[in-house]
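Undergrad: The following block contains the structure, expressed as structure tokens.
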Amino acid sequence: MDKKMTLLMFSGDYDKALAAFILANSAREMNIEVSIFFAFWGLFILRNPEHGTMEDKTNFEKMFGALTPKGPEDLPLSKMNFSGLGKQMLLEMMRDDEAPRLIDFVEGARKKGVKFYGCKLSMEIMGLKQEELIPELEVVTAETFIQEALESDIQLFI
Amino acid sequence: MDKKMTLLMFSGDYDKALAAFILANSAREMNIEVSIFFAFWGLFILRNPEHGTMEDKTNFEKMFGALTPKGPEDLPLSKMNFSGLGKQMLLEMMRDDEAPRLIDFVEGARKKGVKFYGCKLSMEIMGLKQEELIPELEVVTAETFIQEALESDIQLFI
Amino acid sequence: MDKKMTLLMFSGDYDKALAAFILANSAREMNIEVSIFFAFWGLFILRNPEHGTMEDKTNFEKMFGALTPKGPEDLPLSKMNFSGLGKQMLLEMMRDDEAPRLIDFVEGARKKGVKFYGCKLSMEIMGLKQEELIPELEVVTAETFIQEALESDIQLFI
């Protein structure tokens, strides 16, 4: 029987997103089905910096959109970010080891058939539009996450 | 057979608590049994601002009690709190979408029969008394969480 | 049949590590098999302050090593750390209740036969050498975590 992993990607930190996408890519290589449900800050990982829009947004939503990360490589670290200096240090160390960047792992996950879900309520509250995120994102409610998690062998809140 | 979800609510952030209680309420609506085990900062979500007490507390416990959130609506955001400004922005955006507040989701969970457990060790260390928290809280050890988690289809550390 | 718990220890916070090791020790006392996979900041929990090395490290790795915690008792709190003051307050409250410190729970887990895994990629990127961490650590890839998690009754990302 096929195995399945479901992640609830709540955090919008570069390091935590990296952990989630390394797990997602590794699991796909092991032929495990993978679903990721993006909620709250996690949605900013999927933001496409070239598809931002100001249409149909309240002032708070516009302000919030301007203050939040513009895509995967714009995310801060969960620790030792030091206004971006700590993150630059991490990126340099990753480059020295020829480790892929977050954006590469996100691309890998898309190519490997990871299922992307976006939390409807979070998107409505923060004013994020479908077209600002990656195109394969399916917008669903918490019920879909719970249904997928029930059928999974591994579920993690990240 | 009945399905079950067990959450370990460790964080005391407004946004993470919101995520946990949205999951708990959705799961109950799907007839899934739900237990939440509150430990460390998570206990402050259940603090009743009208039932604070100073009795039988050490000076450190009093100081700690004074520096920590006074209930669900007093919790900070995990990100972009900006001394409360970011949280106000989030609350305004939630109001615009007529989304319930955290305190409403906590009430919903109580009415829907979510089981509330409090971590005995955390409460002893931080000097939190049973009467300062919601009345249906059952104070238990980590063993109870593990037992409940073993019987669950979904377990998440939040 | 034997039950099993697998933790992914990503965070390097004193309070979250405490939660993880309390769970690990309790589970072992219940005869549950326990594996912990240490990644990113979680690796600093296992750093031995007496076994630091500067050999075979890039300048970034040396700088990173100097800026990060030197072992379990050197970790900050995830909240209210206040440059260490909040943590001292927590430690005083723990002492008043005669609660063991993190380092004691780590020792307990080692004696009780908890399995320790270290994430190979994280160690390479951050320049952490096997000899700087506890000796029983087995260095593995994300695949090992997924394999262990698939066989587990409880899996948590902490």
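Chains: A, B, ... in order of the structure tokens. Residues: from 1 per chain. Ligands: from 1, in order shown.
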With only C-alpha atoms as the counted atoms, please give the residues lying no more than 9 Å from Lys120 of chain C, apart from itself and same-chain residues fewer than 3 positions off, as a PDB file with all heavy atoms, in the first residue's frame.
TA:
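Output saved as around31.pdb:
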```pdb
ATOM      1  N   ALA C  39      18.172  18.140  13.775  1.00  0.00           N
ATOM      2  CA  ALA C  39      18.501  18.894  12.562  1.00  0.00           C
ATOM      3  C   ALA C  39      18.649  20.372  12.916  1.00  0.00           C
ATOM      4  O   ALA C  39      18.130  20.838  13.919  1.00  0.00           O
ATOM      5  CB  ALA C  39      17.407  18.705  11.522  1.00  0.00           C
ATOM      6  N   MET C 123      24.704  19.194   9.452  1.00  0.00           N
ATOM      7  CA  MET C 123      26.047  19.180  10.035  1.00  0.00           C
ATOM      8  C   MET C 123      27.090  19.652   9.033  1.00  0.00           C
ATOM      9  O   MET C 123      27.997  20.411   9.373  1.00  0.00           O
ATOM     10  CB  MET C 123      26.389  17.778  10.555  1.00  0.00           C
ATOM     11  CG  MET C 123      25.594  17.429  11.813  1.00  0.00           C
ATOM     12  SD  MET C 123      25.855  15.728  12.392  1.00  0.00           S
ATOM     13  CE  MET C 123      27.590  15.780  12.840  1.00  0.00           C
ATOM     14  N   GLU C 124      26.929  19.254   7.770  1.00  0.00           N
ATOM     15  CA  GLU C 124      27.864  19.700   6.731  1.00  0.00           C
ATOM     16  C   GLU C 124      27.767  21.210   6.524  1.00  0.00           C
ATOM     17  O   GLU C 124      28.777  21.904   6.461  1.00  0.00           O
ATOM     18  CB  GLU C 124      27.554  18.985   5.410  1.00  0.00           C
ATOM     19  CG  GLU C 124      28.079  17.555   5.391  1.00  0.00           C
ATOM     20  CD  GLU C 124      27.627  16.784   4.154  1.00  0.00           C
ATOM     21  OE1 GLU C 124      26.947  17.389   3.285  1.00  0.00           O
ATOM     22  OE2 GLU C 124      27.936  15.589   4.070  1.00  0.00           O
ATOM     23  N   ILE C 125      26.540  21.707   6.417  1.00  0.00           N
ATOM     24  CA  ILE C 125      26.346  23.138   6.159  1.00  0.00           C
ATOM     25  C   ILE C 125      26.909  23.975   7.311  1.00  0.00           C
ATOM     26  O   ILE C 125      27.615  24.955   7.099  1.00  0.00           O
ATOM     27  CB  ILE C 125      24.855  23.462   5.932  1.00  0.00           C
ATOM     28  CG1 ILE C 125      24.413  22.917   4.568  1.00  0.00           C
ATOM     29  CG2 ILE C 125      24.606  24.972   6.005  1.00  0.00           C
ATOM     30  CD1 ILE C 125      22.926  23.032   4.304  1.00  0.00           C
ATOM     31  N   VAL C 139      25.083   9.718  12.304  1.00  0.00           N
ATOM     32  CA  VAL C 139      24.839  10.732  11.288  1.00  0.00           C
ATOM     33  C   VAL C 139      24.144  10.101  10.080  1.00  0.00           C
ATOM     34  O   VAL C 139      24.663   9.155   9.490  1.00  0.00           O
ATOM     35  CB  VAL C 139      26.153  11.424  10.870  1.00  0.00           C
ATOM     36  CG1 VAL C 139      25.886  12.533   9.861  1.00  0.00           C
ATOM     37  CG2 VAL C 139      26.857  11.996  12.100  1.00  0.00           C
ATOM     38  N   VAL C 140      22.957  10.619   9.743  1.00  0.00           N
ATOM     39  CA  VAL C 140      22.129  10.019   8.685  1.00  0.00           C
ATOM     40  C   VAL C 140      21.465  11.098   7.830  1.00  0.00           C
ATOM     41  O   VAL C 140      21.526  12.282   8.154  1.00  0.00           O
ATOM     42  CB  VAL C 140      21.012   9.133   9.299  1.00  0.00           C
ATOM     43  CG1 VAL C 140      21.599   7.949  10.067  1.00  0.00           C
ATOM     44  CG2 VAL C 140      20.107   9.952  10.220  1.00  0.00           C
ATOM     45  N   THR C 141      20.807  10.693   6.751  1.00  0.00           N
ATOM     46  CA  THR C 141      20.089  11.648   5.894  1.00  0.00           C
ATOM     47  C   THR C 141      18.605  11.705   6.280  1.00  0.00           C
ATOM     48  O   THR C 141      18.132  10.931   7.109  1.00  0.00           O
ATOM     49  CB  THR C 141      20.190  11.242   4.414  1.00  0.00           C
ATOM     50  OG1 THR C 141      19.480  10.006   4.254  1.00  0.00           O
ATOM     51  CG2 THR C 141      21.631  11.071   3.979  1.00  0.00           C
ATOM     52  N   ALA C 142      17.886  12.622   5.634  1.00  0.00           N
ATOM     53  CA  ALA C 142      16.448  12.792   5.896  1.00  0.00           C
ATOM     54  C   ALA C 142      15.685  11.493   5.649  1.00  0.00           C
ATOM     55  O   ALA C 142      14.648  11.251   6.274  1.00  0.00           O
ATOM     56  CB  ALA C 142      15.894  13.920   5.015  1.00  0.00           C
TER      57      ALA C 142
END
```
Undergrad: Please, which residues of segment 34-156 of chain B, numbered as in this document, come out alpha helix (DSSP H) from DSSP, as number ranges by chain?
TA: B: 59-67, 85-96, 102-111, 120-126, 142-150
Undergrad: Take the residues just selected and output them with C-alpha atoms as a PDB file, in the first residue's frame.
TA:
```pdb
ATOM      1  CA  ASN B  59       8.474  35.882  44.160  1.00  0.00           C
ATOM      2  CA  PHE B  60       9.740  34.464  40.871  1.00  0.00           C
ATOM      3  CA  GLU B  61       6.329  32.954  40.176  1.00  0.00           C
ATOM      4  CA  LYS B  62       4.615  36.295  40.908  1.00  0.00           C
ATOM      5  CA  MET B  63       7.045  38.163  38.655  1.00  0.00           C
ATOM      6  CA  PHE B  64       6.642  35.546  35.921  1.00  0.00           C
ATOM      7  CA  GLY B  65       2.853  35.728  36.224  1.00  0.00           C
ATOM      8  CA  ALA B  66       2.964  39.506  35.861  1.00  0.00           C
ATOM      9  CA  LEU B  67       5.168  39.393  32.735  1.00  0.00           C
ATOM     10  CA  LEU B  85       1.023  46.767  16.243  1.00  0.00           C
ATOM     11  CA  GLY B  86       1.281  43.760  13.919  1.00  0.00           C
ATOM     12  CA  LYS B  87      -1.240  41.935  16.027  1.00  0.00           C
ATOM     13  CA  GLN B  88      -3.675  44.859  15.847  1.00  0.00           C
ATOM     14  CA  MET B  89      -3.274  44.816  12.075  1.00  0.00           C
ATOM     15  CA  LEU B  90      -4.096  41.104  12.000  1.00  0.00           C
ATOM     16  CA  LEU B  91      -7.127  41.628  14.267  1.00  0.00           C
ATOM     17  CA  GLU B  92      -8.391  44.431  11.982  1.00  0.00           C
ATOM     18  CA  MET B  93      -8.019  42.186   8.937  1.00  0.00           C
ATOM     19  CA  MET B  94      -9.835  39.391  10.768  1.00  0.00           C
ATOM     20  CA  ARG B  95     -12.663  41.794  11.671  1.00  0.00           C
ATOM     21  CA  ASP B  96     -12.949  42.896   8.012  1.00  0.00           C
ATOM     22  CA  LEU B 102      -9.212  33.316  19.298  1.00  0.00           C
ATOM     23  CA  ILE B 103     -11.424  33.644  22.379  1.00  0.00           C
ATOM     24  CA  ASP B 104     -14.446  32.640  20.255  1.00  0.00           C
ATOM     25  CA  PHE B 105     -12.656  29.552  18.937  1.00  0.00           C
ATOM     26  CA  VAL B 106     -11.663  28.591  22.508  1.00  0.00           C
ATOM     27  CA  GLU B 107     -15.332  28.934  23.560  1.00  0.00           C
ATOM     28  CA  GLY B 108     -16.385  26.887  20.534  1.00  0.00           C
ATOM     29  CA  ALA B 109     -13.951  24.120  21.427  1.00  0.00           C
ATOM     30  CA  ARG B 110     -15.277  24.023  25.012  1.00  0.00           C
ATOM     31  CA  LYS B 111     -18.867  23.749  23.787  1.00  0.00           C
ATOM     32  CA  LYS B 120       1.334  19.238  35.715  1.00  0.00           C
ATOM     33  CA  LEU B 121       5.098  19.888  35.630  1.00  0.00           C
ATOM     34  CA  SER B 122       4.735  23.142  33.639  1.00  0.00           C
ATOM     35  CA  MET B 123       2.042  24.384  36.025  1.00  0.00           C
ATOM     36  CA  GLU B 124       4.154  23.605  39.087  1.00  0.00           C
ATOM     37  CA  ILE B 125       7.261  25.274  37.663  1.00  0.00           C
ATOM     38  CA  MET B 126       5.463  28.416  36.519  1.00  0.00           C
ATOM     39  CA  ALA B 142       3.371  13.764  30.068  1.00  0.00           C
ATOM     40  CA  GLU B 143       2.391  10.097  30.279  1.00  0.00           C
ATOM     41  CA  THR B 144      -1.252  11.017  29.630  1.00  0.00           C
ATOM     42  CA  PHE B 145      -0.293  12.943  26.501  1.00  0.00           C
ATOM     43  CA  ILE B 146       1.720   9.992  25.201  1.00  0.00           C
ATOM     44  CA  GLN B 147      -1.117   7.570  25.957  1.00  0.00           C
ATOM     45  CA  GLU B 148      -3.620   9.781  24.099  1.00  0.00           C
ATOM     46  CA  ALA B 149      -1.219  10.360  21.207  1.00  0.00           C
ATOM     47  CA  LEU B 150      -0.659   6.605  20.794  1.00  0.00           C
TER      48      LEU B 150
END
```
Undergrad: Counting only C-alpha atoms, give me one row per residue of chain B with an atom at most 7 Å from an atom of chain A, showing the shortest contact pair and its distance in Å to one decimal, sorted by chain then residue number, as a tab-separated table.
TA:
```
residue	atom	partner	partner_atom	distance
B:Leu23	CA	A:Ala142	CA	6.4
B:Ser26	CA	A:Glu143	CA	6.1
B:Ala27	CA	A:Ile146	CA	6.9
B:Met89	CA	A:Phe60	CA	6.6
B:Met93	CA	A:Ile125	CA	5.6
B:Met94	CA	A:Ile125	CA	5.4
B:Asp97	CA	A:Ile125	CA	6.2
B:Asp153	CA	A:Leu150	CA	5.8
B:Ile154	CA	A:Leu150	CA	6.2
B:Leu156	CA	A:Phe157	CA	5.8
B:Phe157	CA	A:Phe157	CA	6.4
B:Ile158	CA	A:Phe157	CA	6.4
```
Undergrad: Can you list every residue in chain A that DSSP puts in strand (DSSP E or B), as a compact mmCIF listing (two decimals) with all heavy atoms, in the first residue's frame?
TA:
```txt
# COMPACT_ATOMS: atom_id res chain seq x y z
N LYS A 4 1.94 7.81 2.84
CA LYS A 4 1.61 9.22 2.62
C LYS A 4 2.10 10.11 3.76
O LYS A 4 2.05 9.71 4.93
CB LYS A 4 0.09 9.35 2.48
CG LYS A 4 -0.38 10.74 2.16
CD LYS A 4 -1.82 10.71 1.72
CE LYS A 4 -2.36 12.12 1.52
NZ LYS A 4 -3.73 12.07 1.01
N MET A 5 2.58 11.30 3.41
CA MET A 5 3.02 12.29 4.42
C MET A 5 2.27 13.60 4.17
O MET A 5 2.16 14.05 3.03
CB MET A 5 4.53 12.52 4.30
CG MET A 5 5.05 13.58 5.28
SD MET A 5 6.88 13.67 5.34
CE MET A 5 7.20 14.67 3.88
N THR A 6 1.74 14.20 5.25
CA THR A 6 1.05 15.49 5.13
C THR A 6 1.70 16.49 6.08
O THR A 6 1.83 16.22 7.27
CB THR A 6 -0.45 15.34 5.47
OG1 THR A 6 -1.04 14.45 4.51
CG2 THR A 6 -1.17 16.68 5.39
N LEU A 7 2.12 17.62 5.53
CA LEU A 7 2.74 18.67 6.35
C LEU A 7 1.81 19.87 6.47
O LEU A 7 1.17 20.25 5.49
CB LEU A 7 4.06 19.13 5.72
CG LEU A 7 5.09 18.05 5.39
CD1 LEU A 7 6.34 18.68 4.76
CD2 LEU A 7 5.47 17.25 6.63
N LEU A 8 1.72 20.43 7.68
CA LEU A 8 1.03 21.71 7.83
C LEU A 8 2.12 22.76 7.95
O LEU A 8 2.80 22.85 8.97
CB LEU A 8 0.12 21.69 9.07
CG LEU A 8 -1.01 22.72 9.07
CD1 LEU A 8 -1.99 22.47 10.20
CD2 LEU A 8 -0.53 24.14 9.09
N MET A 9 2.30 23.53 6.88
CA MET A 9 3.38 24.52 6.84
C MET A 9 2.84 25.85 7.34
O MET A 9 2.28 26.63 6.57
CB MET A 9 3.87 24.62 5.39
CG MET A 9 5.13 25.46 5.22
SD MET A 9 6.62 24.60 5.81
CE MET A 9 7.37 25.86 6.86
N GLU A 33 3.61 9.53 -1.10
CA GLU A 33 2.74 10.63 -1.52
C GLU A 33 2.91 11.80 -0.53
O GLU A 33 2.97 11.56 0.67
CB GLU A 33 1.29 10.13 -1.49
CG GLU A 33 0.32 10.87 -2.38
CD GLU A 33 -1.10 10.34 -2.18
OE1 GLU A 33 -1.26 9.11 -2.02
OE2 GLU A 33 -2.02 11.16 -2.16
N VAL A 34 2.99 13.02 -1.02
CA VAL A 34 3.20 14.17 -0.13
C VAL A 34 2.21 15.29 -0.40
O VAL A 34 2.04 15.71 -1.55
CB VAL A 34 4.64 14.74 -0.27
CG1 VAL A 34 4.85 15.93 0.67
CG2 VAL A 34 5.70 13.67 0.00
N SER A 35 1.55 15.75 0.67
CA SER A 35 0.69 16.94 0.60
C SER A 35 1.21 17.98 1.57
O SER A 35 1.55 17.64 2.70
CB SER A 35 -0.74 16.60 1.04
OG SER A 35 -1.37 15.78 0.11
N ILE A 36 1.26 19.22 1.13
CA ILE A 36 1.61 20.31 2.06
C ILE A 36 0.46 21.30 2.08
O ILE A 36 -0.01 21.74 1.03
CB ILE A 36 2.93 21.02 1.70
CG1 ILE A 36 4.03 20.00 1.34
CG2 ILE A 36 3.39 21.91 2.85
CD1 ILE A 36 5.38 20.64 1.00
N PHE A 37 0.03 21.62 3.28
CA PHE A 37 -1.06 22.56 3.49
C PHE A 37 -0.43 23.84 4.03
O PHE A 37 0.13 23.84 5.13
CB PHE A 37 -2.04 21.94 4.51
CG PHE A 37 -3.27 22.74 4.80
CD1 PHE A 37 -4.39 22.66 3.97
CD2 PHE A 37 -3.34 23.54 5.93
CE1 PHE A 37 -5.55 23.38 4.26
CE2 PHE A 37 -4.50 24.26 6.23
CZ PHE A 37 -5.60 24.17 5.38
N PHE A 38 -0.48 24.92 3.25
CA PHE A 38 0.17 26.17 3.64
C PHE A 38 -0.83 27.09 4.33
O PHE A 38 -1.86 27.45 3.75
CB PHE A 38 0.76 26.88 2.42
CG PHE A 38 1.86 26.09 1.77
CD1 PHE A 38 1.57 25.10 0.85
CD2 PHE A 38 3.19 26.32 2.10
CE1 PHE A 38 2.58 24.34 0.26
CE2 PHE A 38 4.22 25.58 1.52
CZ PHE A 38 3.90 24.59 0.60
N ARG A 47 4.81 32.80 -2.48
CA ARG A 47 4.52 34.07 -3.13
C ARG A 47 5.44 34.25 -4.34
O ARG A 47 6.65 34.05 -4.24
CB ARG A 47 4.78 35.18 -2.12
CG ARG A 47 3.95 36.40 -2.32
CD ARG A 47 4.18 37.33 -1.15
NE ARG A 47 3.42 38.55 -1.24
CZ ARG A 47 3.56 39.56 -0.42
NH1 ARG A 47 4.42 39.49 0.59
NH2 ARG A 47 2.85 40.64 -0.57
N LYS A 115 1.67 17.72 -3.63
CA LYS A 115 0.37 18.40 -3.73
C LYS A 115 0.40 19.66 -2.84
O LYS A 115 0.73 19.57 -1.66
CB LYS A 115 -0.72 17.42 -3.26
CG LYS A 115 -2.11 17.96 -3.25
CD LYS A 115 -2.74 17.96 -4.62
CE LYS A 115 -4.00 18.79 -4.61
NZ LYS A 115 -4.21 19.59 -5.80
N PHE A 116 0.07 20.82 -3.43
CA PHE A 116 0.09 22.08 -2.69
C PHE A 116 -1.33 22.55 -2.36
O PHE A 116 -2.13 22.79 -3.28
CB PHE A 116 0.77 23.18 -3.52
CG PHE A 116 2.25 22.99 -3.70
CD1 PHE A 116 2.76 22.09 -4.64
CD2 PHE A 116 3.15 23.72 -2.92
CE1 PHE A 116 4.13 21.93 -4.81
CE2 PHE A 116 4.53 23.55 -3.08
CZ PHE A 116 5.01 22.66 -4.02
N TYR A 117 -1.63 22.72 -1.06
CA TYR A 117 -2.92 23.26 -0.63
C TYR A 117 -2.70 24.61 0.07
O TYR A 117 -1.75 24.76 0.84
CB TYR A 117 -3.60 22.33 0.37
CG TYR A 117 -4.10 21.03 -0.20
CD1 TYR A 117 -3.54 19.82 0.19
CD2 TYR A 117 -5.16 21.01 -1.10
CE1 TYR A 117 -4.02 18.61 -0.32
CE2 TYR A 117 -5.64 19.81 -1.61
CZ TYR A 117 -5.07 18.61 -1.22
OH TYR A 117 -5.54 17.43 -1.72
N GLY A 118 -3.58 25.56 -0.16
CA GLY A 118 -3.53 26.84 0.54
C GLY A 118 -4.74 26.98 1.44
O GLY A 118 -5.85 26.63 1.04
N CYS A 119 -4.53 27.49 2.65
CA CYS A 119 -5.62 27.65 3.62
C CYS A 119 -6.48 28.86 3.24
O CYS A 119 -6.02 30.00 3.23
CB CYS A 119 -5.03 27.86 5.01
SG CYS A 119 -6.24 28.38 6.23
N LEU A 133 0.29 33.59 -5.86
CA LEU A 133 1.02 32.40 -5.37
C LEU A 133 1.31 31.46 -6.54
O LEU A 133 0.99 31.79 -7.68
CB LEU A 133 0.19 31.73 -4.28
CG LEU A 133 -0.25 32.69 -3.15
CD1 LEU A 133 -1.23 32.01 -2.22
CD2 LEU A 133 0.96 33.19 -2.37
N GLU A 138 -4.03 24.65 -4.62
CA GLU A 138 -5.48 24.47 -4.53
C GLU A 138 -5.96 25.05 -3.20
O GLU A 138 -5.43 24.70 -2.15
CB GLU A 138 -5.82 22.98 -4.61
CG GLU A 138 -7.31 22.70 -4.75
CD GLU A 138 -7.61 21.21 -4.77
OE1 GLU A 138 -6.73 20.42 -5.17
OE2 GLU A 138 -8.72 20.84 -4.36
N VAL A 139 -6.90 25.98 -3.26
CA VAL A 139 -7.37 26.67 -2.05
C VAL A 139 -8.47 25.86 -1.38
O VAL A 139 -9.49 25.57 -1.99
CB VAL A 139 -7.85 28.10 -2.38
CG1 VAL A 139 -8.25 28.84 -1.11
CG2 VAL A 139 -6.75 28.87 -3.11
N VAL A 140 -8.23 25.49 -0.11
CA VAL A 140 -9.16 24.60 0.61
C VAL A 140 -9.33 25.04 2.07
O VAL A 140 -8.62 25.94 2.54
CB VAL A 140 -8.63 23.14 0.61
CG1 VAL A 140 -8.55 22.57 -0.81
CG2 VAL A 140 -7.26 23.07 1.29
N ILE A 154 2.50 9.91 8.17
CA ILE A 154 3.29 10.93 8.87
C ILE A 154 2.55 12.26 8.74
O ILE A 154 2.15 12.63 7.63
CB ILE A 154 4.70 11.10 8.23
CG1 ILE A 154 5.45 9.76 8.18
CG2 ILE A 154 5.51 12.14 8.98
CD1 ILE A 154 6.83 9.85 7.53
N GLN A 155 2.35 12.95 9.86
CA GLN A 155 1.80 14.31 9.81
C GLN A 155 2.65 15.18 10.70
O GLN A 155 2.92 14.81 11.84
CB GLN A 155 0.35 14.41 10.34
CG GLN A 155 -0.56 13.28 10.00
CD GLN A 155 -0.68 12.30 11.16
OE1 GLN A 155 -0.42 12.63 12.30
NE2 GLN A 155 -1.07 11.08 10.86
N LEU A 156 3.06 16.33 10.20
CA LEU A 156 3.88 17.24 11.01
C LEU A 156 3.37 18.67 10.88
O LEU A 156 2.99 19.11 9.80
CB LEU A 156 5.35 17.19 10.55
CG LEU A 156 6.05 15.82 10.58
CD1 LEU A 156 7.42 15.91 9.89
CD2 LEU A 156 6.23 15.31 12.01
N PHE A 157 3.40 19.40 12.00
CA PHE A 157 3.09 20.83 12.02
C PHE A 157 4.43 21.56 12.07
O PHE A 157 5.19 21.40 13.02
CB PHE A 157 2.26 21.17 13.27
CG PHE A 157 1.86 22.62 13.39
CD1 PHE A 157 0.61 23.04 12.97
CD2 PHE A 157 2.73 23.57 13.93
CE1 PHE A 157 0.22 24.38 13.09
CE2 PHE A 157 2.36 24.91 14.04
CZ PHE A 157 1.10 25.31 13.63
```
Undergrad: Rounded to one decimal, what separation in Å do you get between atom CA of Leu46 of chain B and atom CA of Asn81 of chain C?
TA: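 Calculated distance between atom CA of Leu46 of chain B and atom CA of Asn81 of chain C is 21.8 Å.
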